[in-house]
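For reference, the structure discussed in these notes is given below.
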Amino acid sequence: MLMAHPTMLRHLVAQYETARAEHARHSTRQTARRLDDATYTLCVSTGTRSAADALAVAARRLAAAGGGTGAGPADTPGGLAAV
């Protein structure tokens, strides 16, 4: 199974949270689309089907990674590591 590198996963979570906050402040078709896109990408990257599940998986994976900074390069292109 491919898993997002911790650096990429942190970025995806931040992107989701930003999109969610923006949509909560200014609900438009554009902000809804950005939120849908961020949710989809986060779910695909965590192997889940809902934002809540994706965030829970991301939190566990990041905790397991020791909260590392991800300063090194990803194991494979696109920030994915084979597991």
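Note on naming: chains are A, B, ... as they come in the structure tokens, residues start from 1 per chain, ligands start from 1 in the order shown.
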- Task: Write out as a list in words each polymer residue whose atoms come within 9 Å of segment 11-28 of chain A, counting only C-alpha atoms; drop sequence neighbours fewer than 2 positions from it.
- Result: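 Counting only C-alpha atoms, the residues come to Pro6, Thr7, Met8, Leu9, Gln30, Thr31, Ala32, Arg33, Arg34, Leu35, Asp36, Asp37, Ala38, Thr39, Thr41, Leu42, Ser45, Ala51, Ala54, Leu55 and Ala58 of chain A.
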Prev. selection, N, CA and C atoms, output as an mmCIF file, in the first residue's frame:
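Saved as part31.cif:
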data_model
loop_
_atom_site.group_PDB
_atom_site.id
_atom_site.type_symbol
_atom_site.label_atom_id
_atom_site.label_comp_id
_atom_site.auth_asym_id
_atom_site.auth_seq_id
_atom_site.Cartn_x
_atom_site.Cartn_y
_atom_site.Cartn_z
ATOM 1 N N PRO A 6 5.102 11.820 5.591
ATOM 2 C CA PRO A 6 4.597 12.722 6.631
ATOM 3 C C PRO A 6 4.567 14.194 6.226
ATOM 4 N N THR A 7 5.559 14.651 5.491
ATOM 5 C CA THR A 7 5.558 16.047 5.051
ATOM 6 C C THR A 7 4.372 16.323 4.132
ATOM 7 N N MET A 8 4.139 15.409 3.207
ATOM 8 C CA MET A 8 3.005 15.555 2.293
ATOM 9 C C MET A 8 1.687 15.462 3.055
ATOM 10 N N LEU A 9 1.608 14.548 3.990
ATOM 11 C CA LEU A 9 0.387 14.373 4.771
ATOM 12 C C LEU A 9 0.079 15.627 5.580
ATOM 13 N N GLN A 30 -17.074 28.112 -5.421
ATOM 14 C CA GLN A 30 -15.620 27.980 -5.530
ATOM 15 C C GLN A 30 -15.013 27.412 -4.238
ATOM 16 N N THR A 31 -15.446 27.919 -3.079
ATOM 17 C CA THR A 31 -14.902 27.399 -1.829
ATOM 18 C C THR A 31 -15.383 25.969 -1.580
ATOM 19 N N ALA A 32 -16.596 25.666 -2.005
ATOM 20 C CA ALA A 32 -17.109 24.295 -1.873
ATOM 21 C C ALA A 32 -16.282 23.342 -2.727
ATOM 22 N N ARG A 33 -15.934 23.777 -3.915
ATOM 23 C CA ARG A 33 -15.124 22.942 -4.805
ATOM 24 C C ARG A 33 -13.738 22.706 -4.224
ATOM 25 N N ARG A 34 -13.120 23.764 -3.676
ATOM 26 C CA ARG A 34 -11.799 23.614 -3.064
ATOM 27 C C ARG A 34 -11.857 22.647 -1.875
ATOM 28 N N LEU A 35 -12.925 22.752 -1.089
ATOM 29 C CA LEU A 35 -13.080 21.852 0.051
ATOM 30 C C LEU A 35 -13.281 20.415 -0.424
ATOM 31 N N ASP A 36 -14.103 20.233 -1.442
ATOM 32 C CA ASP A 36 -14.307 18.885 -1.999
ATOM 33 C C ASP A 36 -13.000 18.309 -2.528
ATOM 34 N N ASP A 37 -12.235 19.117 -3.244
ATOM 35 C CA ASP A 37 -10.954 18.655 -3.794
ATOM 36 C C ASP A 37 -9.970 18.283 -2.679
ATOM 37 N N ALA A 38 -9.893 19.126 -1.652
ATOM 38 C CA ALA A 38 -8.980 18.858 -0.539
ATOM 39 C C ALA A 38 -9.408 17.602 0.213
ATOM 40 N N THR A 39 -10.715 17.442 0.401
ATOM 41 C CA THR A 39 -11.238 16.258 1.079
ATOM 42 C C THR A 39 -10.918 15.002 0.281
ATOM 43 N N THR A 41 -8.546 14.467 -1.967
ATOM 44 C CA THR A 41 -7.110 14.178 -1.979
ATOM 45 C C THR A 41 -6.651 13.612 -0.641
ATOM 46 N N LEU A 42 -7.142 14.177 0.447
ATOM 47 C CA LEU A 42 -6.788 13.673 1.774
ATOM 48 C C LEU A 42 -7.306 12.249 1.964
ATOM 49 N N SER A 45 -5.229 9.808 -0.077
ATOM 50 C CA SER A 45 -3.892 9.682 0.508
ATOM 51 C C SER A 45 -3.878 8.867 1.795
ATOM 52 N N ALA A 51 -13.864 12.686 5.510
ATOM 53 C CA ALA A 51 -12.878 13.624 6.048
ATOM 54 C C ALA A 51 -12.524 13.274 7.489
ATOM 55 N N ALA A 54 -10.236 10.344 7.463
ATOM 56 C CA ALA A 54 -8.942 10.739 6.906
ATOM 57 C C ALA A 54 -8.126 11.517 7.930
ATOM 58 N N LEU A 55 -8.767 12.420 8.653
ATOM 59 C CA LEU A 55 -8.057 13.204 9.657
ATOM 60 C C LEU A 55 -7.570 12.313 10.801
ATOM 61 N N ALA A 58 -4.623 10.337 9.465
ATOM 62 C CA ALA A 58 -3.477 11.247 9.329
ATOM 63 C C ALA A 58 -2.857 11.526 10.690
#
- Record the distance separating atom CA of Gly66 of chain A and atom CA of Ala4 of chain A, expressed in Å with one decimal.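 So the two atoms, atom CA of Gly66 of chain A and atom CA of Ala4 of chain A, lie 14.9 Å apart.
The space between atom CA of Leu62 of chain A and atom CA of Arg10 of chain A spans 7.8 Å.
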- Item | Interatomic distance (Å, one decimal) between atom CA of Tyr40 of chain A and atom CA of Ala63 of chain A | 22.0 Å
